[in-house]
>>> print(open('target-v5.txt').read())   # compact mmCIF, C-alpha atoms
# COMPACT_ATOMS: atom_id res chain seq x y z
CA MET A 1220 23.83 8.30 23.52
CA VAL A 1221 20.95 8.63 21.05
CA THR A 1222 21.89 10.64 18.00
CA GLN A 1223 19.60 13.18 16.37
CA GLU A 1224 19.10 10.90 13.38
CA GLN A 1225 18.20 7.94 15.62
CA ARG A 1226 15.73 10.11 17.51
CA LYS A 1227 14.18 11.28 14.25
CA ARG A 1228 13.73 7.69 13.11
CA GLN A 1229 12.26 6.75 16.48
CA LEU A 1230 9.73 9.58 16.29
CA ALA A 1231 8.78 8.57 12.77
CA ARG A 1232 8.20 4.99 13.85
CA GLU A 1233 6.14 6.09 16.85
CA LYS A 1234 4.02 8.32 14.63
CA PHE A 1235 3.53 5.45 12.21
CA LEU A 1236 2.38 3.10 14.98
CA ARG A 1237 -0.02 5.73 16.34
CA GLN A 1238 -1.51 6.04 12.87
CA GLN A 1239 -1.95 2.27 12.73
CA GLN A 1240 -3.78 2.27 16.07
CA ARG A 1241 -6.07 5.15 15.09
CA ARG A 1242 -6.93 3.50 11.81
CA THR A 1243 -7.76 0.21 13.50
CA ALA A 1244 -10.04 1.97 16.00
CA ALA A 1245 -11.75 3.90 13.22
CA ARG A 1246 -12.23 0.73 11.22
CA ARG A 1247 -13.90 -1.00 14.18
CA LYS A 1248 -16.17 2.00 14.73
CA ALA A 1249 -17.11 2.03 11.04
CA ASN A 1250 -17.92 -1.69 11.13
CA VAL A 1251 -20.26 -1.17 14.10
CA ARG A 1252 -21.91 1.78 12.36
CA ASN A 1253 -22.35 -0.14 9.13
CA SER A 1254 -23.86 -3.10 10.98
CA VAL A 1255 -26.44 -0.80 12.59
CA ILE A 1256 -27.28 0.81 9.26
CA ALA A 1257 -27.65 -2.58 7.60
CA SER A 1258 -30.02 -3.68 10.37
CA VAL A 1259 -32.15 -0.56 9.97
CA LEU A 1260 -32.36 -1.03 6.22
CA GLY A 1261 -33.41 -4.63 6.78
CA VAL A 1262 -36.38 -3.44 8.85
CA ILE A 1263 -37.45 -0.67 6.48
CA VAL A 1264 -37.17 -2.56 3.23
CA VAL A 1265 -39.72 -5.37 3.66
CA GLY A 1266 -39.81 -8.17 1.12
CA SER A 1267 -36.67 -7.06 -0.69
CA VAL A 1268 -33.02 -7.94 -0.41
CA VAL A 1269 -30.80 -5.18 0.93
CA SER A 1270 -27.16 -5.39 -0.04
CA TYR A 1271 -24.79 -3.28 2.01
CA ALA A 1272 -21.15 -3.68 1.11
CA THR A 1273 -18.31 -2.14 3.08
CA GLY A 1274 -14.71 -1.76 2.04
CA VAL A 1275 -11.84 -3.45 3.79
CA PHE A 1276 -10.00 -0.27 4.64
CA LYS A 1277 -11.74 2.53 6.49
CA ASN A 1278 -10.20 5.84 7.55
CA ASP A 1279 -6.92 4.42 6.33
CA ASP A 1280 -4.07 6.55 7.63
CA SER A 1281 -1.03 4.34 7.95
CA LYS A 1282 1.74 3.62 5.57
CA ALA A 1283 0.68 0.26 5.18
CA ASN A 1284 -2.88 0.02 3.95
CA ALA A 1285 -3.98 3.42 4.65
CA SER A 1286 -3.81 6.95 3.53
CA ALA A 1287 -1.21 9.02 5.26
CA GLU A 1288 -2.13 11.26 8.14
CA VAL A 1289 -1.37 14.65 6.70
CA THR A 1290 -0.70 17.76 8.72
CA PRO A 1291 -1.15 20.72 6.37
CA SER A 1292 1.81 23.00 6.06
CA ALA A 1293 1.39 26.76 6.13
CA SER A 1294 3.48 27.04 3.00
CA PRO A 1295 4.22 23.63 1.47
CA SER A 1296 6.82 23.62 -1.26
CA LYS A 1297 5.41 22.67 -4.64
CA ALA A 1298 7.93 21.03 -6.93
CA ALA A 1299 7.49 20.72 -10.67
CA ASP A 1300 5.64 17.60 -11.77
CA PRO A 1301 8.18 15.35 -13.53
CA CYS A 1302 5.61 12.91 -14.88
CA GLU A 1303 3.57 12.61 -18.06
CA LYS A 1304 -0.15 12.88 -18.61
CA ALA A 1305 -2.07 9.76 -17.64
CA ALA A 1306 -3.39 7.42 -20.29
CA GLU A 1307 -7.08 7.66 -21.09
CA GLY A 1308 -9.31 5.39 -19.07
CA ALA A 1309 -11.12 5.11 -15.78
CA VAL A 1310 -10.54 3.18 -12.58
CA LYS A 1311 -12.70 0.07 -12.36
CA SER A 1312 -14.95 -0.40 -9.36
CA LEU A 1313 -14.28 -4.02 -8.44
CA SER A 1314 -14.72 -6.03 -5.27
CA TRP A 1315 -14.68 -9.68 -4.25
CA LYS A 1316 -15.86 -11.48 -1.14
CA LYS A 1317 -12.92 -13.82 -0.71
CA GLU A 1318 -9.30 -14.30 -1.66
CA PRO A 1319 -8.91 -15.71 -5.18
CA ALA A 1320 -8.14 -19.39 -5.62
CA MET A 1321 -4.48 -20.26 -6.04
CA THR A 1322 -3.70 -20.36 -9.76
CA ILE A 1323 -0.01 -19.48 -9.95
CA ASP A 1324 2.84 -21.97 -10.12
CA LYS A 1325 4.51 -21.55 -6.74
CA SER A 1326 7.81 -22.86 -8.08
CA ALA A 1327 7.93 -20.48 -11.05
CA LYS A 1328 9.27 -16.94 -11.34
CA TYR A 1329 6.88 -14.05 -11.86
CA GLU A 1330 7.46 -10.41 -12.65
CA MET A 1331 5.21 -7.38 -12.26
CA LYS A 1332 5.40 -4.28 -14.41
CA LEU A 1333 3.85 -1.03 -13.27
CA ALA A 1334 3.62 1.16 -16.35
CA THR A 1335 3.28 4.56 -14.68
CA THR A 1336 3.11 8.14 -15.87
CA CYS A 1337 6.59 8.59 -14.42
CA GLY A 1338 8.15 5.54 -16.08
CA ASP A 1339 8.04 1.76 -15.89
CA ILE A 1340 8.69 0.08 -12.55
CA ASP A 1341 9.70 -3.56 -13.01
CA ILE A 1342 9.51 -5.86 -10.01
CA ALA A 1343 10.81 -9.40 -9.50
CA LEU A 1344 8.22 -11.14 -7.32
CA LYS A 1345 9.08 -13.55 -4.50
CA THR A 1346 6.66 -16.25 -5.53
CA SER A 1347 7.75 -19.15 -3.34
CA ALA A 1348 8.17 -16.96 -0.24
CA ALA A 1349 4.87 -15.06 -0.65
CA PRO A 1350 2.57 -17.20 -2.84
CA HIS A 1351 -0.73 -15.79 -1.53
CA THR A 1352 0.44 -12.24 -2.15
CA VAL A 1353 1.80 -12.94 -5.62
CA ASN A 1354 -1.31 -14.92 -6.54
CA SER A 1355 -3.51 -12.02 -5.40
CA PHE A 1356 -1.55 -9.50 -7.46
CA ASN A 1357 -1.66 -11.79 -10.47
CA PHE A 1358 -5.44 -12.00 -10.09
CA LEU A 1359 -6.00 -8.27 -9.52
CA ALA A 1360 -3.72 -7.23 -12.37
CA SER A 1361 -5.50 -9.61 -14.75
CA LYS A 1362 -8.78 -7.88 -13.88
CA GLY A 1363 -7.36 -4.40 -14.53
CA TYR A 1364 -7.83 -3.52 -10.87
CA PHE A 1365 -4.72 -1.30 -10.64
CA ASP A 1366 -5.09 0.35 -14.04
CA HIS A 1367 -5.50 4.16 -13.95
CA THR A 1368 -5.07 4.28 -10.16
CA LYS A 1369 -3.00 6.96 -8.41
CA CYS A 1370 -0.19 6.37 -5.97
CA HIS A 1371 -1.63 8.42 -3.14
CA ARG A 1372 1.13 8.72 -0.55
CA LEU A 1373 4.81 9.66 -0.37
CA THR A 1374 6.82 9.79 2.83
CA THR A 1375 10.11 11.68 2.90
CA ASN A 1376 10.98 11.83 6.60
CA GLY A 1377 11.94 8.87 8.80
CA ILE A 1378 10.48 6.31 6.40
CA TYR A 1379 10.88 6.60 2.64
CA VAL A 1380 8.15 4.97 0.62
CA LEU A 1381 5.66 5.50 -2.18
CA GLN A 1382 2.28 3.92 -1.44
CA CYS A 1383 -0.04 2.71 -4.19
CA GLY A 1384 -2.74 0.14 -4.89
CA ASP A 1385 -5.85 2.00 -3.76
CA PRO A 1386 -8.41 2.44 -6.55
CA LYS A 1387 -10.03 5.24 -4.54
CA GLY A 1388 -6.77 7.15 -4.27
CA THR A 1389 -7.58 8.06 -0.67
CA GLY A 1390 -5.93 5.26 1.30
CA MET A 1391 -9.32 3.74 2.13
CA GLY A 1392 -9.75 1.37 -0.79
CA GLY A 1393 -9.36 -2.39 -1.01
CA PRO A 1394 -10.44 -5.43 -3.05
CA GLY A 1395 -13.03 -6.65 -0.53
CA TYR A 1396 -10.88 -9.49 0.75
CA THR A 1397 -7.71 -9.84 2.79
CA ILE A 1398 -4.66 -12.06 2.43
CA PRO A 1399 -2.36 -13.58 5.06
CA ASP A 1400 0.97 -12.08 6.07
CA GLU A 1401 3.92 -13.87 4.51
CA ASN A 1402 7.71 -13.83 4.40
CA LEU A 1403 8.09 -11.68 7.52
CA LYS A 1404 11.43 -13.32 8.27
CA ASP A 1405 12.88 -12.49 4.85
CA LYS A 1406 16.66 -12.45 5.03
CA THR A 1407 16.73 -8.94 3.55
CA LEU A 1408 14.95 -7.50 6.61
CA LYS A 1409 17.93 -6.96 8.90
CA ASN A 1410 17.58 -4.92 12.10
CA ASN A 1411 13.99 -4.05 11.14
CA ILE A 1412 15.18 -2.27 8.01
CA TYR A 1413 13.17 -2.56 4.82
CA PRO A 1414 15.94 -1.93 2.29
CA ALA A 1415 15.61 0.32 -0.74
CA GLY A 1416 14.05 -1.60 -3.61
CA THR A 1417 11.62 -3.57 -1.45
CA ILE A 1418 7.95 -3.78 -2.36
CA ALA A 1419 5.78 -4.76 0.60
CA MET A 1420 2.13 -5.02 1.55
CA ALA A 1421 0.33 -2.34 3.49
CA ASN A 1422 -2.09 -3.44 6.19
CA THR A 1423 -4.38 -2.15 8.94
CA GLY A 1424 -1.92 -2.68 11.75
CA GLN A 1425 -3.42 -6.08 12.55
CA ALA A 1426 -2.16 -9.45 11.36
CA HIS A 1427 -3.36 -10.84 8.03
CA THR A 1428 -5.16 -7.69 6.86
CA GLY A 1429 -3.34 -7.00 3.60
CA GLY A 1430 -5.54 -6.17 0.63
CA SER A 1431 -4.39 -4.36 -2.50
CA GLN A 1432 -2.36 -1.46 -1.14
CA PHE A 1433 1.41 -1.76 -1.21
CA PHE A 1434 4.46 0.42 -0.75
CA LEU A 1435 7.69 0.79 -2.68
CA VAL A 1436 10.77 1.61 -0.60
CA TYR A 1437 13.08 4.08 -2.33
CA GLN A 1438 15.48 4.49 0.62
CA ASP A 1439 16.26 2.18 3.54
CA SER A 1440 13.42 2.53 6.07
CA GLN A 1441 13.19 1.22 9.62
CA LEU A 1442 9.82 -0.40 10.27
CA PRO A 1443 8.48 -3.30 12.32
CA PRO A 1444 8.71 -6.54 10.30
CA SER A 1445 4.93 -6.66 9.93
CA TYR A 1446 4.55 -5.94 6.22
CA THR A 1447 4.88 -8.78 3.73
CA PRO A 1448 7.91 -8.18 1.48
CA PHE A 1449 6.99 -9.78 -1.82
CA GLY A 1450 9.32 -8.39 -4.46
CA THR A 1451 12.35 -6.38 -5.47
CA VAL A 1452 12.34 -3.32 -7.73
CA SER A 1453 14.73 -3.29 -10.70
CA ALA A 1454 17.55 -0.75 -11.06
CA SER A 1455 15.60 1.13 -13.74
CA GLY A 1456 12.52 1.10 -11.52
CA MET A 1457 14.54 2.59 -8.67
CA LYS A 1458 15.47 5.53 -10.92
CA VAL A 1459 11.76 6.16 -11.43
CA LEU A 1460 11.12 6.03 -7.68
CA LYS A 1461 14.00 8.42 -7.00
CA LYS A 1462 12.57 10.86 -9.55
CA ILE A 1463 9.18 10.72 -7.84
CA ALA A 1464 10.74 11.18 -4.40
CA ALA A 1465 12.87 14.10 -5.58
CA ALA A 1466 9.69 16.02 -6.48
CA GLY A 1467 8.62 15.84 -2.83
CA GLU A 1468 5.19 15.67 -1.27
CA ALA A 1469 2.42 18.23 -1.12
CA THR A 1470 2.26 19.12 2.58
CA GLY A 1471 5.90 20.01 3.14
CA GLN A 1472 5.75 17.90 6.32
CA GLY A 1473 7.26 14.75 4.85
CA ASP A 1474 4.06 12.71 4.59
CA GLY A 1475 1.36 13.40 2.02
CA ALA A 1476 0.35 13.15 -1.61
CA PRO A 1477 3.33 13.14 -3.99
CA ASN A 1478 3.89 16.29 -6.02
CA ALA A 1479 4.51 14.00 -8.97
CA THR A 1480 1.29 12.79 -10.55
CA VAL A 1481 1.98 9.08 -10.24
CA VAL A 1482 -0.68 7.08 -12.05
CA ILE A 1483 -0.41 3.38 -12.84
CA ASN A 1484 -1.58 3.32 -16.44
CA LYS A 1485 -1.41 -0.47 -16.45
CA ALA A 1486 -0.18 -3.23 -14.14
CA THR A 1487 0.75 -6.65 -15.50
CA VAL A 1488 2.05 -9.82 -13.90
CA THR A 1489 3.80 -12.34 -16.13
CA LYS A 1490 5.38 -15.72 -15.62
CA SER A 1491 9.02 -15.67 -16.67
>>> encode(input="target-v5.txt", output="structure tokens")
Amino acid sequence: MVTQEQRKRQLAREKFLRQQQRRTAARRKANVRNSVIASVLGVIVVGSVVSYATGVFKNDDSKANASAEVTPSASPSKAADPCEKAAEGAVKSLSWKKEPAMTIDKSAKYEMKLATTCGDIDIALKTSAAPHTVNSFNFLASKGYFDHTKCHRLTTNGIYVLQCGDPKGTGMGGPGYTIPDENLKDKTLKNNIYPAGTIAMANTGQAHTGGSQFFLVYQDSQLPPSYTPFGTVSASGMKVLKKIAAAGEATGQGDGAPNATVVINKATVTKS
């Protein structure tokens, strides 16, 4: 007999997968539209070079590289913001055409620190298991890509994650390149559960479409093993995540922008 809790988890997973499918369809439609526009511009602008760049993530509405699908609540509960004012500075507009060259030592240990308005989140990275992912984060952090960016999504029903890594803060941003899926058979992923403390890549719902968006699991969450797990949050970092989660999300429906103003003042990756 299916319990109420199991049914709730099942519905959450089904909703998540529907979001993935809608985002993928929207992305394909956007690519077709952008190709048409680029062709038209090529005809109109004679003798000049027309550059038309499109982002990796369009109409992103999944937990994994996308902004959450949000159903407005008639009277969402607004919790007090437990976080501090963001540091001065602006998000950089950066984009690259291809994945950065491998520069990390695959046999070494690396750590990432997210200095946020809500507290520091320290993460031990799984370098040997997810070298492309760790190398990408090392590259992006060194360029200041994550600095001053907002964590745009918090889920509090069925799956329990904080999603970050989008410089646009909408769930539609990316670095212009994608990286391959890695470590999908990590021994920590038992029975399709991403355990609390996991940091994993978001994606478009298709294989090998990770970019810069990632999610931090603050409570065990059942998800398909399709999202590269590439690190583990420290005990002190988990306290920060719990504080953010306790403030809730803005829609009152369990999936929306966090009430806490979570801004990554600075992200750093260091070799330990």
>>> atom_distance(input="target-v5.txt", atom1="CA of Gly1430 (chain A)", atom2="CA of Leu1313 (chain A)")
12.8 Å
>>> closest_residue(input="target-v5.txt", among="A:Tyr1379, A:Phe1358, A:Phe1449, A:Tyr1329", to="Lys1461 (chain A)", atoms="all atoms listed in the file")
A:Tyr1379
>>> closest_residue(input="target-v5.txt", among="A:Thr1423, A:Thr1374, A:Asn1411, A:Gln1382", to="Ala1469 (chain A)", atoms="all atoms listed in the file")
A:Thr1374
>>> closest_residue(input="target-v5.txt", among="A:Thr1346, A:Gln1472, A:Thr1417, A:Asn1376", to="Glu1330 (chain A)", atoms="all atoms listed in the file")
A:Thr1346
>>> closest_residue(input="target-v5.txt", among="A:Thr1368, A:Thr1428, A:Thr1335, A:Asn1410", to="Pro1444 (chain A)", atoms="only C-alpha atoms")
A:Asn1410
>>> atom_distance(input="target-v5.txt", atom1="CA of Phe1365 (chain A)", atom2="CA of Ala1334 (chain A)")
10.4 Å
>>> residues_around(input="target-v5.txt", residues="Gly1338 (chain A)", least_positions_apart="2", cutoff="12 Å", atoms="all atoms listed in the file", output="PyMOL selection string")
chain A and resi 1301-1305+1332-1336+1340-1341+1455-1463+1479-1485
>>> residues_around(input="target-v5.txt", residues="Gln1441 (chain A)", least_positions_apart="3", cutoff="7 Å", atoms="all atoms listed in the file", output="list of chain:residue names")
A:Ile1378, A:Asn1411, A:Ile1412, A:Tyr1413
>>> atom_distance(input="target-v5.txt", atom1="CA of Gly1450 (chain A)", atom2="CA of Lys1345 (chain A)")
5.2 Å
>>> residues_around(input="target-v5.txt", residues="Met1420 (chain A)", least_positions_apart="5", cutoff="10 Å", atoms="all atoms listed in the file", output="PyMOL selection string")
chain A and resi 1282-1284+1352+1382-1384+1398+1400-1401+1428-1435+1445-1450
>>> axis_aligned_box(input="target-v5.txt", around="region 1373-1380 of chain A", padding_each_side="8 Å", output="AutoDock Vina command-line options")
--center_x 8.4 --center_y 8.4 --center_z 4.2 --size_x 23.1 --size_y 22.9 --size_z 25.2
>>> residues_around(input="target-v5.txt", residues="Ala1476 (chain A)", least_positions_apart="4", cutoff="6 Å", atoms="all atoms listed in the file", output="VMD selection string")
chain A and resid 1371 to 1373 1468 to 1469
